[in-house]
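K.L.:
Provided herewith: entry_19.txt, compact mmCIF, C-alpha atoms.
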# COMPACT_ATOMS: atom_id res chain seq x y z
CA MET A 1 94.68 101.53 97.17
CA SER A 2 96.37 104.48 95.47
CA HIS A 3 98.01 104.10 92.09
CA ASP A 4 101.46 105.33 91.15
CA HIS A 5 101.70 108.85 89.88
CA ASP A 6 103.24 108.86 86.41
CA HIS A 7 102.91 112.57 85.77
CA ASP A 8 102.96 115.80 87.73
CA HIS A 9 99.70 116.94 89.19
CA ASP A 10 98.72 120.45 89.92
CA HIS A 11 98.40 120.05 93.66
CA ASP A 12 96.29 123.16 94.07
CA HIS A 13 93.47 121.02 92.75
CA HIS A 14 92.54 117.64 94.02
CA PRO A 15 94.50 115.38 91.72
CA GLU A 16 92.03 112.52 91.81
CA ALA A 17 88.72 111.63 93.34
CA PRO A 18 89.05 111.06 97.10
CA SER A 19 89.06 107.44 98.23
CA PRO A 20 85.83 106.32 99.91
CA VAL A 21 87.37 106.50 103.37
CA GLU A 22 88.81 109.95 102.72
CA ALA A 23 85.43 111.15 101.47
CA ARG A 24 83.76 109.78 104.60
CA ALA A 25 86.32 111.45 106.86
CA LEU A 26 86.00 114.82 105.14
CA ALA A 27 82.18 114.61 105.18
CA LEU A 28 82.22 113.99 108.93
CA GLU A 29 84.72 116.81 109.41
CA SER A 30 82.45 119.24 107.62
CA LEU A 31 79.46 118.14 109.73
CA LEU A 32 81.44 118.68 112.93
CA VAL A 33 82.65 122.06 111.69
CA GLU A 34 79.03 123.08 110.97
CA LYS A 35 78.09 121.99 114.48
CA GLY A 36 80.87 124.09 115.92
CA LEU A 37 82.76 121.12 117.37
CA LEU A 38 85.97 121.92 115.51
CA THR A 39 87.45 124.23 112.90
CA SER A 40 89.75 123.34 110.04
CA GLU A 41 92.39 125.70 111.51
CA GLU A 42 92.27 123.61 114.66
CA VAL A 43 92.71 120.44 112.63
CA ASP A 44 95.74 121.91 110.85
CA ARG A 45 97.22 123.18 114.10
CA ILE A 46 96.93 119.81 115.88
CA VAL A 47 98.18 117.86 112.85
CA SER A 48 101.18 120.18 112.64
CA MET A 49 101.84 119.70 116.36
CA TYR A 50 102.03 115.92 115.84
CA GLU A 51 104.20 116.36 112.78
CA HIS A 52 106.68 118.83 114.24
CA ASP A 53 106.50 119.29 118.01
CA ILE A 54 105.78 115.90 119.54
CA GLY A 55 108.16 113.09 118.72
CA PRO A 56 110.94 110.80 119.90
CA MET A 57 113.29 113.76 120.39
CA LEU A 58 111.37 114.40 123.63
CA GLY A 59 111.92 110.90 124.95
CA ALA A 60 115.56 111.04 123.82
CA LYS A 61 116.06 114.15 125.96
CA VAL A 62 114.62 112.31 128.95
CA VAL A 63 116.88 109.29 128.40
CA ALA A 64 120.00 111.42 127.98
CA ARG A 65 119.25 113.29 131.20
CA ALA A 66 118.76 110.00 133.05
CA TRP A 67 122.12 108.78 131.74
CA VAL A 68 124.03 111.79 133.05
CA ASP A 69 122.07 112.48 136.25
CA GLU A 70 121.63 109.55 138.61
CA SER A 71 119.14 111.33 140.87
CA TYR A 72 117.02 112.30 137.84
CA LYS A 73 117.07 108.66 136.76
CA GLU A 74 115.77 107.62 140.17
CA ARG A 75 112.93 110.13 139.96
CA LEU A 76 112.16 109.00 136.41
CA LEU A 77 111.88 105.34 137.42
CA GLU A 78 109.84 106.30 140.50
CA ASP A 79 107.32 108.59 138.72
CA GLY A 80 107.77 108.94 134.96
CA SER A 81 104.99 111.49 134.39
CA ALA A 82 106.39 113.88 137.05
CA ALA A 83 109.99 113.46 135.89
CA VAL A 84 109.26 114.29 132.23
CA LYS A 85 107.41 117.41 133.39
CA GLU A 86 110.68 118.58 134.96
CA LEU A 87 112.04 118.79 131.40
CA GLY A 88 109.03 120.75 130.20
CA ILE A 89 107.24 117.80 128.60
CA GLY A 90 103.54 117.91 129.32
CA TYR A 91 101.90 114.70 130.36
CA PRO A 92 98.09 114.56 130.03
CA PRO A 93 96.15 114.15 133.26
CA GLY A 94 94.46 110.80 133.79
CA THR A 95 97.26 108.85 132.17
CA GLN A 96 100.52 107.82 133.71
CA LEU A 97 104.00 107.20 132.31
CA VAL A 98 106.03 104.30 133.68
CA VAL A 99 109.65 104.02 132.58
CA VAL A 100 111.23 100.56 132.67
CA GLU A 101 115.01 100.22 132.75
CA ASN A 102 117.06 97.91 130.57
CA LYS A 103 119.91 96.21 132.38
CA GLN A 104 122.65 93.86 131.33
CA GLU A 105 120.49 90.86 132.19
CA VAL A 106 117.00 92.24 131.35
CA HIS A 107 115.69 93.70 128.10
CA ASN A 108 112.29 95.45 128.13
CA VAL A 109 110.00 95.89 125.15
CA VAL A 110 106.54 97.45 124.85
CA VAL A 111 103.45 96.32 122.93
CA CYS A 112 99.69 96.80 123.07
CA THR A 113 98.04 93.57 121.97
CA LEU A 114 94.45 94.86 122.30
CA CYS A 115 94.73 98.20 120.50
CA SER A 116 97.58 100.70 120.15
CA CYS A 117 98.43 102.21 123.58
CA TYR A 118 101.69 104.11 123.27
CA PRO A 119 103.49 106.84 125.25
CA TRP A 120 102.83 109.46 122.57
CA PRO A 121 103.55 112.53 124.74
CA VAL A 122 107.21 111.43 124.85
CA LEU A 123 107.55 109.43 121.61
CA GLY A 124 105.03 111.03 119.25
CA LEU A 125 102.45 108.94 117.43
CA PRO A 126 103.32 105.27 116.96
CA PRO A 127 104.61 103.87 113.67
CA THR A 128 102.25 101.68 111.67
CA TRP A 129 104.14 98.49 112.49
CA TYR A 130 103.49 99.05 116.21
CA LYS A 131 99.74 99.08 115.51
CA SER A 132 99.86 96.17 113.06
CA PRO A 133 98.59 92.60 113.60
CA PRO A 134 102.04 90.95 113.18
CA TYR A 135 103.64 93.00 115.96
CA ARG A 136 100.63 92.88 118.27
CA SER A 137 100.08 89.14 117.87
CA ARG A 138 103.67 87.97 118.03
CA MET A 139 105.58 90.22 120.44
CA VAL A 140 104.06 88.58 123.52
CA ARG A 141 104.50 85.01 122.23
CA GLU A 142 107.85 85.07 120.40
CA PRO A 143 109.61 88.30 121.35
CA ARG A 144 113.09 87.06 120.43
CA THR A 145 112.04 86.15 116.90
CA VAL A 146 110.30 89.49 116.42
CA LEU A 147 113.31 91.38 117.78
CA GLU A 148 115.50 89.57 115.25
CA GLU A 149 113.31 91.03 112.51
CA PHE A 150 114.40 94.40 113.89
CA ASN A 151 118.04 93.18 113.72
CA LEU A 152 118.25 92.86 117.49
CA THR A 153 119.57 89.47 118.58
CA LEU A 154 119.54 88.92 122.32
CA PRO A 155 121.74 86.31 123.98
CA ASP A 156 119.88 83.57 125.88
CA GLU A 157 121.17 84.89 129.21
CA VAL A 158 119.33 88.19 128.72
CA ALA A 159 115.74 87.83 129.91
CA VAL A 160 113.07 89.52 127.81
CA ASN A 161 110.41 91.43 129.69
CA VAL A 162 107.43 92.31 127.48
CA TRP A 163 105.02 95.01 128.71
CA ASP A 164 101.52 94.63 127.25
CA SER A 165 99.98 98.06 127.90
CA SER A 166 96.33 97.47 128.61
CA SER A 167 95.44 100.26 131.07
CA ASP A 168 95.79 104.03 131.51
CA VAL A 169 99.51 103.43 132.10
CA ARG A 170 101.93 103.95 129.22
CA TYR A 171 105.36 102.35 129.16
CA MET A 172 108.65 103.68 127.84
CA VAL A 173 111.97 101.83 127.88
CA LEU A 174 115.07 103.42 129.37
CA PRO A 175 117.83 101.85 127.27
CA GLU A 176 121.30 101.09 128.60
CA ARG A 177 123.91 103.74 127.94
CA PRO A 178 126.37 102.21 125.47
CA ALA A 179 130.05 101.86 126.35
CA GLY A 180 132.23 104.37 124.55
CA THR A 181 130.03 107.38 125.36
CA GLU A 182 131.96 108.46 128.43
CA GLY A 183 132.30 112.23 128.55
CA TRP A 184 129.64 112.85 125.91
CA PHE A 185 127.38 115.90 126.26
CA GLU A 186 123.70 115.37 126.90
CA GLU A 187 122.79 116.55 123.39
CA GLN A 188 125.25 114.07 121.85
CA LEU A 189 123.77 111.28 123.94
CA ALA A 190 120.21 112.23 122.98
CA GLY A 191 121.31 111.97 119.34
CA ILE A 192 121.81 108.20 119.57
CA VAL A 193 118.51 107.47 121.34
CA THR A 194 115.99 106.49 118.69
CA ARG A 195 112.26 105.86 118.94
CA ASP A 196 112.89 102.15 118.52
CA CYS A 197 115.31 102.13 121.48
CA MET A 198 112.54 103.53 123.69
CA ILE A 199 109.97 100.99 122.45
CA GLY A 200 112.57 98.30 123.09
CA VAL A 201 113.07 96.94 119.56
CA ALA A 202 116.58 98.43 119.26
CA ARG A 203 119.57 99.37 121.35
CA PRO A 204 121.40 102.69 121.06
CA ARG A 205 124.37 102.43 118.73
CA ILE A 206 127.38 104.69 118.43
CA PRO A 207 127.85 105.89 114.86
CA ALA A 208 131.05 104.54 113.28
CA GLU A 209 132.79 107.93 113.03
CA SER A 210 132.27 108.69 116.75
CA ALA A 211 133.59 105.28 117.73
CA GLN A 212 136.82 105.89 115.85
CA ARG A 213 137.53 109.23 117.48
CA MET B 1 84.53 90.12 123.73
CA ASN B 2 86.62 87.45 122.06
CA GLY B 3 87.15 89.56 118.98
CA VAL B 4 89.84 89.66 116.35
CA HIS B 5 91.27 92.76 118.06
CA ASP B 6 92.49 90.51 120.90
CA MET B 7 95.55 89.44 118.93
CA GLY B 8 98.09 88.41 121.53
CA GLY B 9 99.52 85.02 120.56
CA MET B 10 97.69 84.58 117.25
CA HIS B 11 99.46 82.96 114.30
CA GLY B 12 99.19 83.78 110.63
CA PHE B 13 99.87 87.51 110.36
CA GLY B 14 103.36 87.12 108.91
CA PRO B 15 106.48 89.17 109.58
CA VAL B 16 106.47 92.71 110.96
CA ASN B 17 106.40 95.10 108.02
CA ILE B 18 108.65 98.07 108.86
CA GLU B 19 108.18 101.20 106.76
CA ARG B 20 111.36 103.29 106.65
CA ASP B 21 111.02 107.06 107.20
CA GLU B 22 107.32 106.73 107.74
CA PRO B 23 105.36 110.02 107.85
CA VAL B 24 103.27 110.80 110.95
CA PHE B 25 100.15 110.80 108.77
CA HIS B 26 100.08 109.20 105.31
CA HIS B 27 97.17 111.40 104.17
CA ARG B 28 95.56 114.53 105.53
CA TRP B 29 92.32 112.66 106.28
CA GLU B 30 94.15 110.51 108.84
CA GLY B 31 95.06 113.63 110.81
CA VAL B 32 91.47 114.85 110.44
CA VAL B 33 90.19 111.61 111.96
CA ARG B 34 92.64 111.82 114.84
CA VAL B 35 91.58 115.38 115.65
CA MET B 36 87.86 114.54 115.36
CA MET B 37 88.41 111.77 117.88
CA GLN B 38 90.31 114.01 120.26
CA ARG B 39 87.68 116.75 120.07
CA THR B 40 84.78 114.39 120.81
CA ASN B 41 86.39 111.83 123.17
CA GLY B 42 85.71 112.78 126.79
CA ARG B 43 82.78 114.95 125.70
CA TYR B 44 80.34 112.56 124.11
CA TYR B 45 81.98 109.22 124.88
CA ASN B 46 84.91 107.85 126.85
CA LEU B 47 88.03 106.01 125.70
CA ASP B 48 86.64 102.62 126.72
CA GLU B 49 83.51 103.19 124.65
CA PHE B 50 85.76 104.26 121.80
CA ARG B 51 87.91 101.13 122.01
CA HIS B 52 84.81 98.97 122.19
CA ALA B 53 83.34 100.72 119.14
CA VAL B 54 86.53 99.73 117.26
CA GLU B 55 86.17 96.17 118.52
CA ARG B 56 82.55 96.01 117.41
CA MET B 57 83.60 96.41 113.78
CA PRO B 58 82.89 93.22 111.85
CA SER B 59 86.11 91.13 112.00
CA GLU B 60 86.71 91.08 108.25
CA GLU B 61 86.37 94.88 108.10
CA TYR B 62 88.60 95.35 111.11
CA LEU B 63 91.37 93.36 109.45
CA ARG B 64 90.96 95.02 106.07
CA ALA B 65 90.79 98.61 107.35
CA VAL B 66 93.84 100.80 107.82
CA TYR B 67 94.32 102.11 111.34
CA TYR B 68 92.58 105.47 111.06
CA GLU B 69 89.72 103.88 109.13
CA ARG B 70 88.94 101.95 112.32
CA TRP B 71 89.04 105.20 114.24
CA LEU B 72 86.71 106.84 111.74
CA HIS B 73 84.32 103.93 112.07
CA ALA B 74 84.34 104.26 115.87
CA VAL B 75 83.91 108.06 115.92
CA GLU B 76 81.03 107.88 113.42
CA THR B 77 79.37 104.99 115.26
CA LEU B 78 79.55 106.71 118.65
CA LEU B 79 78.45 110.15 117.44
CA LEU B 80 75.42 108.51 115.80
CA GLU B 81 74.64 106.41 118.89
CA LYS B 82 74.98 109.41 121.19
CA GLY B 83 72.81 111.60 118.98
CA VAL B 84 75.56 114.12 118.19
CA ILE B 85 74.93 113.56 114.48
CA THR B 86 72.05 111.85 112.70
CA LYS B 87 71.91 109.45 109.77
CA ALA B 88 69.99 112.07 107.82
CA GLU B 89 72.76 114.61 108.40
CA VAL B 90 75.40 112.14 107.22
CA ALA B 91 73.34 111.32 104.12
CA GLY B 92 72.53 114.96 103.38
CA GLY B 93 76.00 116.29 104.13
CA HIS B 94 74.76 119.18 106.27
CA ALA B 95 74.03 119.75 109.92
CA THR B 96 70.34 120.31 110.61
CA GLN B 97 70.48 120.49 114.40
CA PRO B 98 73.03 121.73 116.93
CA ALA B 99 75.27 119.32 118.78
CA PRO B 100 73.99 118.35 122.23
CA GLU B 101 75.75 119.72 125.26
CA ALA B 102 78.98 117.91 125.99
CA ALA B 103 79.56 116.08 129.25
CA ARG B 104 82.50 116.94 131.48
CA ASP B 105 84.16 114.36 133.64
CA THR B 106 84.67 116.05 136.99
CA GLU B 107 84.48 112.99 139.21
CA PRO B 108 87.54 112.80 141.45
CA ARG B 109 89.46 109.56 141.63
CA PRO B 110 88.37 107.80 144.86
CA LYS B 111 90.79 106.41 147.42
CA LEU B 112 90.58 102.63 147.45
CA GLN B 113 92.45 100.06 149.49
CA PRO B 114 94.18 97.68 147.04
CA ARG B 115 93.46 94.02 147.74
CA PHE B 116 96.90 92.94 146.51
CA GLN B 117 100.46 94.12 147.18
CA PRO B 118 103.65 93.72 145.15
CA GLY B 119 104.89 90.13 145.41
CA ASP B 120 101.41 88.65 145.92
CA ARG B 121 100.62 85.60 143.82
CA VAL B 122 97.44 85.80 141.78
CA ARG B 123 95.55 83.89 139.14
CA THR B 124 93.55 85.61 136.42
CA ARG B 125 89.92 84.66 136.16
CA ASN B 126 88.78 82.63 133.20
CA ILE B 127 86.14 84.97 131.83
CA HIS B 128 84.78 85.46 128.32
CA PRO B 129 82.50 88.50 128.52
CA HIS B 130 80.40 89.55 125.52
CA GLY B 131 81.33 93.18 126.14
CA HIS B 132 84.57 95.12 126.45
CA THR B 133 87.40 93.82 128.61
CA ARG B 134 91.13 94.49 128.96
CA LEU B 135 91.96 90.98 130.13
CA PRO B 136 93.47 89.49 126.97
CA ARG B 137 92.50 85.95 126.04
CA TYR B 138 96.07 84.69 126.21
CA ALA B 139 96.29 85.60 129.91
CA ARG B 140 93.07 84.09 131.25
CA GLY B 141 93.29 81.45 133.99
CA ARG B 142 97.05 82.05 134.38
CA ARG B 143 99.25 82.43 137.43
CA GLY B 144 101.22 85.62 137.92
CA VAL B 145 102.81 87.89 140.50
CA ILE B 146 101.82 91.47 141.35
CA ARG B 147 104.67 93.84 140.46
CA LYS B 148 103.15 97.34 140.68
CA VAL B 149 99.96 98.84 142.06
CA TYR B 150 98.25 101.57 140.01
CA GLY B 151 95.08 103.54 140.00
CA PRO B 152 92.36 103.33 140.88
CA PHE B 153 91.12 103.49 137.30
CA ARG B 154 87.60 102.98 136.02
CA LEU B 155 86.96 99.34 135.14
CA PRO B 156 86.84 99.32 131.32
CA ASP B 157 84.37 96.41 131.31
CA ALA B 158 81.87 98.72 133.06
CA ASN B 159 82.94 102.12 131.73
CA ALA B 160 82.44 101.00 128.13
CA HIS B 161 78.84 100.06 128.92
CA GLY B 162 77.39 103.00 130.81
CA ASP B 163 78.61 102.32 134.36
CA HIS B 164 81.17 105.05 134.97
CA LYS B 165 81.44 104.58 138.75
CA ALA B 166 83.25 101.25 138.87
CA TRP B 167 86.68 102.36 140.03
CA GLN B 168 89.20 99.65 140.84
CA PRO B 169 92.87 99.35 141.67
CA CYS B 170 94.90 98.11 138.72
CA TYR B 171 98.11 96.11 138.82
CA ALA B 172 101.10 95.33 136.64
CA VAL B 173 100.98 91.55 136.81
CA GLU B 174 104.03 89.58 135.75
CA PHE B 175 103.65 86.18 134.10
CA ALA B 176 106.42 83.74 133.29
CA ALA B 177 106.44 83.38 129.51
CA GLN B 178 106.26 79.59 129.96
CA GLU B 179 103.08 79.94 132.07
CA LEU B 180 101.48 81.64 129.06
CA TRP B 181 103.05 79.81 126.11
CA GLY B 182 104.43 76.54 127.42
CA ASP B 183 107.91 75.09 127.26
CA ASP B 184 108.86 76.68 123.94
CA ALA B 185 109.02 80.12 125.56
CA GLY B 186 112.27 81.46 126.99
CA PRO B 187 112.72 80.09 130.53
CA ALA B 188 113.55 83.50 132.03
CA ASP B 189 111.28 85.60 129.78
CA ARG B 190 108.26 87.38 131.23
CA VAL B 191 105.19 89.25 130.11
CA CYS B 192 103.72 92.04 132.26
CA ILE B 193 100.10 93.07 131.76
CA ASP B 194 98.11 95.81 133.49
CA LEU B 195 95.06 94.12 135.00
CA TRP B 196 92.14 95.42 137.06
CA GLU B 197 91.46 93.95 140.49
CA SER B 198 88.30 92.06 139.54
CA TYR B 199 90.27 90.13 136.89
CA LEU B 200 92.36 88.56 139.66
CA GLU B 201 92.00 85.97 142.39
CA PRO B 202 94.56 85.17 145.07
CA GLU B 203 96.71 82.13 144.31
CA GLU B 204 98.09 80.37 147.35
CA LYS B 205 100.38 77.74 145.89
CA PRO B 206 103.56 78.86 144.11
What do you get writing this file as structure tokens?
P.N.:
Amino acid sequence: MSHDHDHDHDHDHHPEAPSPVEARALALESLLVEKGLLTSEEVDRIVSMYEHDIGPMLGAKVVARAWVDESYKERLLEDGSAAVKELGIGYPPGTQLVVVENKQEVHNVVVCTLCSCYPWPVLGLPPTWYKSPPYRSRMVREPRTVLEEFNLTLPDEVAVNVWDSSSDVRYMVLPERPAGTEGWFEEQLAGIVTRDCMIGVARPRIPAESAQR
Amino acid sequence: MNGVHDMGGMHGFGPVNIERDEPVFHHRWEGVVRVMMQRTNGRYYNLDEFRHAVERMPSEEYLRAVYYERWLHAVETLLLEKGVITKAEVAGGHATQPAPEAARDTEPRPKLQPRFQPGDRVRTRNIHPHGHTRLPRYARGRRGVIRKVYGPFRLPDANAHGDHKAWQPCYAVEFAAQELWGDDAGPADRVCIDLWESYLEPEEKP
């Protein structure tokens, strides 16, 4: 769609003609601005919120707390939306967060085959692969093969539990706390919990230097 | 509707393409589209109407479009259909009339007695509606077990088509992977899907 840039553009000007879809989007934006339904400041503010304030660091905080505080973990598994609010994470009314726990014998993974449902208040907006036809079509039918493409090989004795989010409920995976993290602070623990761990396509890994300590 | 959006189980899409260090938005217009959707969803249309507007895209366009292009299509379609904007305004590039008053959803969630309880055996109905549904094709006519009871939520099949009063309990229903995909699936693997009560019938035999 876009060609490679082979020279520096002056980015104060539009470097090239907008693509048709971009032109359509900006035309609709200007119509809605004229009708008073939004302002461009509002657009910038919300875009910046998604880029800086909402992301997997929120979910990682939740997971780390659950790892160090057994009673918090129980509340989290009982009512995810209420438990994340305890940590100051807002959960929109009308939707519900359900947290599913990985165990030695069960691995959970989340998909939305029909569209792109995702627990964005705790993980931020989903990556493109999550919304793409290969992931949506295959995760329910051949989860082990798809997980291998994410470099996660599960032994046969671990059952895979795929959650196809089709309702107002959003699912997040509570990964297993890895061995070798005994005595870690909550912030350290949160540092090894990635977005992919909470979707269920990865497991938390201890960085090599920490493992050697 | 049995559209191309209902992808669960389909072959032919290739490996998952993982973009390293992906930005939240690849272009500013994608963020613009997201915000336009958020500012109009719940005022002029609901999320089920929005999803159905995405599904109504011609299949070849749906597959060719990037994600936020589908959203743009749906927002434009719904704002035109609901009279928030007109074709003449889109063509002319300027608003010629004010936006209609927005609706506010103030209806409280009713209390409903769920028909099923965790552990109950159910079978999904074999339905192929022309309109919107959240019962994926790959899970129709299949046996499962109720795991969790949610809701009530509005039935998407009705809420996408003007009937906003059809509240129903919703359930996380667990299916053995082999019930869905046959013997090639992992013997202990499972798929859980959130399904509304009217998608389900009791199943007596294990």
K.L.:
Extract, using only C-alpha atoms, all DNA, RNA and protein residues at most 12 Å from Phe185 (chain A), discarding same-chain residues fewer than 5 positions from it, and format them as JSON, numbers by chain.
P.N.:
{"A": [61, 64, 65, 67, 68, 69, 190, 191, 192]}
K.L.:
Could you please tell me, as number ranges by chain, which residues of chain B have an atom within 7 Å of chain A when using all atoms listed in the file?
P.N.:
B: 5-10, 13-18, 24, 29, 31-33, 35, 69, 72, 93-95, 98-99, 134, 181, 188-194
K.L.:
Near Asn2 (chain B), within 9 Å and counting all atoms listed in the file, which residues show up once chain neighbours fewer than 6 positions away are dropped, as a PDB file with C-alpha atoms, in the coordinates of the input?
P.N.:
ATOM      1  CA  HIS B 128      84.780  85.460 128.320  1.00  0.00           C
ATOM      2  CA  PRO B 129      82.500  88.500 128.520  1.00  0.00           C
ATOM      3  CA  HIS B 130      80.400  89.550 125.520  1.00  0.00           C
ATOM      4  CA  GLY B 131      81.330  93.180 126.140  1.00  0.00           C
ATOM      5  CA  PRO B 136      93.470  89.490 126.970  1.00  0.00           C
ATOM      6  CA  ARG B 137      92.500  85.950 126.040  1.00  0.00           C
TER       7      ARG B 137
END
K.L.:
Using CA of Glu30 (chain B) and CA of Trp71 (chain B) as the two end points, give the distance in Å to one decimal.
P.N.:
9.1 Å
K.L.:
Please indicate the distance in Å from CA of Tyr118 (chain A) to CA of Trp184 (chain A), rounded to one decimal place.
P.N.:
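Those two atoms sit 29.4 Å apart.
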K.L.:
Between CA of Pro58 (chain B) and CA of Lys87 (chain B), measure the distance and give it in Å to one decimal.
P.N.:
19.7 Å
K.L.:
From the options B:Leu112, B:Ala166, B:Ala185, B:Ala53, which residue's atoms come nearest to Leu80 (chain B), counting all atoms listed in the file?
P.N.:
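Selected residue with least distance to Leu80 (chain B): B:Ala53.
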K.L.:
Around (90.7, 100.1, 137.7) in the file's frame, which residues reach within 6 Å when counting all atoms listed in the file? Return as a list in words?
P.N.:
Pro152, Phe153, Arg154, Leu155, Trp167, Gln168, Pro169, Cys170 and Trp196 of chain B
K.L.:
Need the axis-aligned box for region 39-50 of chain B with 8 Å each side, so what are the centre and edges in Å to one decimal, as JSON?
P.N.:
{"center_x": 84.2, "center_y": 109.7, "center_z": 123.5, "size_x": 23.7, "size_y": 30.1, "size_z": 22.8}
K.L.:
Out of A:Val63, A:Glu16, A:Gln104, A:Met49, which residue has the shortest atom-to-atom distance to Pro155 (chain A) when counting all atoms listed in the file?
P.N.:
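Nearest to Pro155 (chain A): A:Gln104.
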K.L.:
Which one is closest to Arg121 (chain B): B:Glu81, B:Asp163, B:Asp184, B:Glu174? Count all atoms listed in the file.
P.N.:
B:Glu174
K.L.:
Is there a way to get, as a list in words, all residues within 10 Å of the point (121.6, 101.3, 123.8) in file coordinates, counting only C-alpha atoms?
P.N.:
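Final list of nearby residues, as requested, is Asn102, Leu174, Pro175, Glu176, Arg177, Pro178, Ala179, Ile192, Val193, Thr194, Cys197, Met198, Gly200, Ala202, Arg203, Pro204, Arg205 and Ile206 of chain A.
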K.L.:
For Thr96 (chain B), find every residue with an atom within 9 Å (counting only C-alpha atoms), except residues of its own chain fewer than 6 positions away, and show them as a PDB file with C-alpha atoms, in the coordinates of the input.
P.N.:
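Generated output (result.pdb):
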ATOM      1  CA  LYS A  35      78.090 121.990 114.480  1.00  0.00           C
TER       2      LYS A  35
ATOM      3  CA  THR B  86      72.050 111.850 112.700  1.00  0.00           C
ATOM      4  CA  ALA B  88      69.990 112.070 107.820  1.00  0.00           C
ATOM      5  CA  GLU B  89      72.760 114.610 108.400  1.00  0.00           C
TER       6      GLU B  89
END
K.L.:
Rank B:Ala172, B:Val4, B:Ala91, B:Leu78 by their smallest atom-to-atom distance to Glu61 (chain B), using all atoms listed in the file, and report the top residue only.
P.N.:
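Selected residue with least distance to Glu61 (chain B): B:Val4.
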K.L.:
Applying 10 Å and only C-alpha atoms, which residues near Asn46 (chain B) remain after dropping the ones on its own chain fewer than 6 positions away? List them as a PyMOL selection string.
P.N.:
chain B and resi 40+78+105+156+159-160+162+164
K.L.:
Would you mind exporting C-alpha atoms of the selected residues as a short mmCIF file (atom, residue, chain, number, x, y, z; two decimals), keeping the file's coordinate frame?
P.N.:
data_model
loop_
_atom_site.label_atom_id
_atom_site.label_comp_id
_atom_site.auth_asym_id
_atom_site.auth_seq_id
_atom_site.Cartn_x
_atom_site.Cartn_y
_atom_site.Cartn_z
CA THR B 40 84.78 114.39 120.81
CA LEU B 78 79.55 106.71 118.65
CA ASP B 105 84.16 114.36 133.64
CA PRO B 156 86.84 99.32 131.32
CA ASN B 159 82.94 102.12 131.73
CA ALA B 160 82.44 101.00 128.13
CA GLY B 162 77.39 103.00 130.81
CA HIS B 164 81.17 105.05 134.97
#
K.L.:
Counting all atoms listed in the file, figure out which residue out of B:Tyr67, B:Arg39, B:Leu180, B:Glu55 gets nearest to Leu79 (chain B).
P.N.:
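Closest to Leu79 (chain B) of all the choices is B:Arg39.
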K.L.:
Please extract region 117-154 of chain B and write it out with C-alpha atoms, as an mmCIF file, in the first residue's frame.
P.N.:
data_model
loop_
_atom_site.group_PDB
_atom_site.id
_atom_site.type_symbol
_atom_site.label_atom_id
_atom_site.label_comp_id
_atom_site.auth_asym_id
_atom_site.auth_seq_id
_atom_site.Cartn_x
_atom_site.Cartn_y
_atom_site.Cartn_z
ATOM 1 C CA GLN B 117 -26.840 -24.359 35.713
ATOM 2 C CA PRO B 118 -23.133 -25.191 35.689
ATOM 3 C CA GLY B 119 -22.653 -28.867 34.856
ATOM 4 C CA ASP B 120 -25.831 -29.118 32.754
ATOM 5 C CA ARG B 121 -25.439 -30.863 29.419
ATOM 6 C CA VAL B 122 -26.665 -28.930 26.410
ATOM 7 C CA ARG B 123 -26.693 -29.111 22.645
ATOM 8 C CA THR B 124 -26.441 -26.043 20.452
ATOM 9 C CA ARG B 125 -29.218 -25.518 17.963
ATOM 10 C CA ASN B 126 -28.473 -25.977 14.296
ATOM 11 C CA ILE B 127 -29.490 -22.554 13.033
ATOM 12 C CA HIS B 128 -28.356 -20.540 10.025
ATOM 13 C CA PRO B 129 -29.988 -17.125 10.411
ATOM 14 C CA HIS B 130 -29.696 -14.512 7.659
ATOM 15 C CA GLY B 131 -29.012 -11.837 10.255
ATOM 16 C CA HIS B 132 -26.490 -11.354 13.042
ATOM 17 C CA THR B 133 -25.716 -14.172 15.449
ATOM 18 C CA ARG B 134 -22.946 -15.004 17.924
ATOM 19 C CA LEU B 135 -23.328 -18.756 17.571
ATOM 20 C CA PRO B 136 -20.341 -19.609 15.365
ATOM 21 C CA ARG B 137 -20.861 -22.092 12.556
ATOM 22 C CA TYR B 138 -18.283 -24.510 13.928
ATOM 23 C CA ALA B 139 -20.293 -24.953 17.133
ATOM 24 C CA ARG B 140 -23.787 -25.577 15.759
ATOM 25 C CA GLY B 141 -25.537 -28.843 16.628
ATOM 26 C CA ARG B 142 -22.770 -29.761 19.114
ATOM 27 C CA ARG B 143 -22.881 -31.163 22.631
ATOM 28 C CA GLY B 144 -21.342 -29.197 25.464
ATOM 29 C CA VAL B 145 -21.478 -28.563 29.196
ATOM 30 C CA ILE B 146 -22.445 -25.331 30.964
ATOM 31 C CA ARG B 147 -19.445 -23.959 32.876
ATOM 32 C CA LYS B 148 -20.446 -20.408 33.879
ATOM 33 C CA VAL B 149 -23.658 -18.405 33.942
ATOM 34 C CA TYR B 150 -23.487 -14.750 32.840
ATOM 35 C CA GLY B 151 -25.792 -11.896 32.124
ATOM 36 C CA PRO B 152 -28.481 -11.409 31.272
ATOM 37 C CA PHE B 153 -27.237 -9.705 28.118
ATOM 38 C CA ARG B 154 -29.267 -8.511 25.154
#
